[in-house]
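Asker: Let me begin by handing over the structure; questions about it come next.
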Amino acid sequence: MLNCYKEYLKILEVFSNLKPLRLAEKSSDYTKTLSIMNKLKEKAVQSYCKLVLRHPHFNYRLNIVQSIMPKIAANEEIIRQTVSRTVAQILKMEDNSIITFKLDLLKELHKAVKSRPHIKMESWLLDCLILHDIMVDETKAKVIDESTKRTHQLHD
């Protein structure tokens with residue numbers, strides 16, 4: 001069963017990385033081919049996202065995140081929104097058993113933001129990265145906590 005799951009993920013990876021314009025240029029029916037290839041790509045990304053959302057404990061979850069995270073700055077708005085929504089939903093989950101996974105997700109988000117143009121990314125992603133830096137670097141968290149306490153003391 002695990003081998004079939006792994007093969008399914010490989011198929012999703014191929015479809016999620018399609019270059020519809022390049023494929024359509026080679027086709028006799030450009031418009032139809034472009035439409036079909038775009039739908040295949042969208043469905044593959046949506047499938048990846050549904051898998052990781054519904055079963056964040058499954059094998060290869062980090063591989064899925066590594067495959068979809070670069071698409072957080074995709075040209076296709078549907079794909080970009082699907083991935084962004086998935087990241088937000090995973091981070092909102094209150095399941096303590098996936099905290100390590102959430103950190104891995106934030107690390108991948110950090111990589112994607114550093115390597116992709118920011119223009120198309122959702123604005124709340126920056127907040128996630130600040131949270132990531134605080135969670136990963138305890139010294140920063142302590143400094144922020146101390147400055148927050150000082151600010152509250154000044155206002156009191």
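Following the order of the structure tokens, chains are lettered A, B, ..., residues in each are numbered from 1, and ligands are numbered from 1.
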Determine, counting only C-alpha atoms, which protein, DNA and RNA residues have an atom within 10 Å of an atom of range 82-84 of chain A; residues of the same chain fewer than 5 positions away are not included. Present the result as a PyMOL selection string.

Answerer: chain A and resi 42+45-46+48-50+65+68-74+77+89+109+121-122+124-125

Asker: Please identify all polymer residues within 10 Å of Met93 in chain A, counting only C-alpha atoms, omitting same-chain residues fewer than 4 positions from it, and present them as a list in words.

Answerer: Leu53, Ala88, Gln89, Ile98, Ile99 and Lys102 of chain A

Asker: Using N, CA and C atoms, can you export the residues from the last selection as a short mmCIF file (atom, residue, chain, number, x, y, z; two decimals), in the first residue's frame?

Answerer:
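Contents of selection17.cif, freshly written:
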data_model
loop_
_atom_site.label_atom_id
_atom_site.label_comp_id
_atom_site.auth_asym_id
_atom_site.auth_seq_id
_atom_site.Cartn_x
_atom_site.Cartn_y
_atom_site.Cartn_z
N LEU A 53 -3.54 18.10 4.32
CA LEU A 53 -4.49 18.68 5.27
C LEU A 53 -5.26 17.62 6.04
N ALA A 88 -2.18 27.99 5.81
CA ALA A 88 -2.91 28.65 6.90
C ALA A 88 -3.70 27.63 7.72
N GLN A 89 -4.36 26.71 7.05
CA GLN A 89 -5.17 25.71 7.77
C GLN A 89 -4.30 24.78 8.61
N ILE A 98 1.51 17.45 15.76
CA ILE A 98 2.08 17.87 14.48
C ILE A 98 2.91 19.16 14.62
N ILE A 99 3.34 19.48 15.80
CA ILE A 99 4.14 20.69 16.01
C ILE A 99 5.43 20.63 15.20
N LYS A 102 4.62 21.40 11.71
CA LYS A 102 4.37 22.83 11.51
C LYS A 102 5.69 23.60 11.40
#

Asker: In Å to one decimal, how far is CA of Lys41 in chain A from CA of Asn17 in chain A?

Answerer: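 We find that CA of Asn17 in chain A and CA of Lys41 in chain A lie 7.0 Å from each other.
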
Asker: According to DSSP computed on the backbone, where in range 25-69 of chain A is there helix (DSSP H, G or I)? Give the residues as a PDB file with C-alpha atoms, in the first residue's frame.

Answerer:
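Dumped to out_7.pdb:
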ATOM      1  CA  GLU A  25       2.754  25.240 -28.131  1.00  0.00           C
ATOM      2  CA  TYR A  30      -3.360  25.166 -28.499  1.00  0.00           C
ATOM      3  CA  THR A  31      -6.372  26.428 -26.518  1.00  0.00           C
ATOM      4  CA  LYS A  32      -7.790  23.009 -25.652  1.00  0.00           C
ATOM      5  CA  THR A  33      -4.390  21.588 -24.684  1.00  0.00           C
ATOM      6  CA  LEU A  34      -3.591  24.622 -22.549  1.00  0.00           C
ATOM      7  CA  SER A  35      -6.905  24.326 -20.734  1.00  0.00           C
ATOM      8  CA  ILE A  36      -6.456  20.598 -20.083  1.00  0.00           C
ATOM      9  CA  MET A  37      -2.867  20.988 -18.882  1.00  0.00           C
ATOM     10  CA  ASN A  38      -3.811  23.857 -16.554  1.00  0.00           C
ATOM     11  CA  LYS A  39      -6.637  21.760 -15.058  1.00  0.00           C
ATOM     12  CA  LEU A  40      -4.299  18.799 -14.555  1.00  0.00           C
ATOM     13  CA  LYS A  41      -1.789  21.007 -12.790  1.00  0.00           C
ATOM     14  CA  GLU A  42      -4.472  22.580 -10.579  1.00  0.00           C
ATOM     15  CA  LYS A  43      -5.962  19.194  -9.656  1.00  0.00           C
ATOM     16  CA  ALA A  44      -2.553  17.781  -8.787  1.00  0.00           C
ATOM     17  CA  VAL A  45      -1.777  20.694  -6.441  1.00  0.00           C
ATOM     18  CA  GLN A  46      -5.264  20.488  -4.921  1.00  0.00           C
ATOM     19  CA  SER A  47      -4.792  16.750  -4.353  1.00  0.00           C
ATOM     20  CA  TYR A  48      -1.446  17.331  -2.660  1.00  0.00           C
ATOM     21  CA  CYS A  49      -3.009  19.971  -0.433  1.00  0.00           C
ATOM     22  CA  LYS A  50      -5.990  17.803   0.501  1.00  0.00           C
ATOM     23  CA  LEU A  51      -3.705  14.907   1.370  1.00  0.00           C
ATOM     24  CA  VAL A  52      -1.502  16.912   3.694  1.00  0.00           C
ATOM     25  CA  LEU A  53      -4.489  18.683   5.273  1.00  0.00           C
ATOM     26  CA  ARG A  54      -6.579  15.632   5.964  1.00  0.00           C
ATOM     27  CA  ARG A  61       4.222  14.726   4.327  1.00  0.00           C
ATOM     28  CA  LEU A  62       7.458  16.725   4.165  1.00  0.00           C
ATOM     29  CA  ASN A  63       7.955  15.659   0.544  1.00  0.00           C
ATOM     30  CA  ILE A  64       4.461  16.930  -0.238  1.00  0.00           C
ATOM     31  CA  VAL A  65       5.172  20.256   1.443  1.00  0.00           C
ATOM     32  CA  GLN A  66       8.464  20.576  -0.426  1.00  0.00           C
ATOM     33  CA  SER A  67       6.603  19.991  -3.685  1.00  0.00           C
ATOM     34  CA  ILE A  68       3.802  22.476  -3.099  1.00  0.00           C
ATOM     35  CA  MET A  69       5.586  25.255  -1.225  1.00  0.00           C
TER      36      MET A  69
END

Asker: Report as a PyMOL selection string all protein, DNA and RNA residues lying within 12 Å of Leu2 in chain A, evaluated on only C-alpha atoms, omitting residues in the same chain fewer than 3 positions from it.

Answerer: chain A and resi 5-9+58-60

Asker: Give me a file of those residues, with C-alpha atoms, as a PDB file, in the first residue's frame.

Answerer:
ATOM      1  CA  TYR A   5       0.918   5.783  -2.210  1.00  0.00           C
ATOM      2  CA  LYS A   6       4.489   6.705  -3.111  1.00  0.00           C
ATOM      3  CA  GLU A   7       3.779   6.143  -6.820  1.00  0.00           C
ATOM      4  CA  TYR A   8       0.636   8.277  -6.565  1.00  0.00           C
ATOM      5  CA  LEU A   9       2.697  11.098  -5.066  1.00  0.00           C
ATOM      6  CA  PHE A  58       0.985  10.330   6.798  1.00  0.00           C
ATOM      7  CA  ASN A  59       4.305   9.295   5.340  1.00  0.00           C
ATOM      8  CA  TYR A  60       5.997  11.659   2.914  1.00  0.00           C
TER       9      TYR A  60
END

Asker: For CA of Leu21 in chain A and CA of Thr86 in chain A, quote the distance in Å rounded to one decimal.

Answerer: 25.9 Å

Asker: Report the distance between CA of Val14 in chain A and CA of Ile79 in chain A in Å, rounded to one decimal place.

Answerer: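 Separating CA of Val14 in chain A from CA of Ile79 in chain A is a distance of 15.1 Å.
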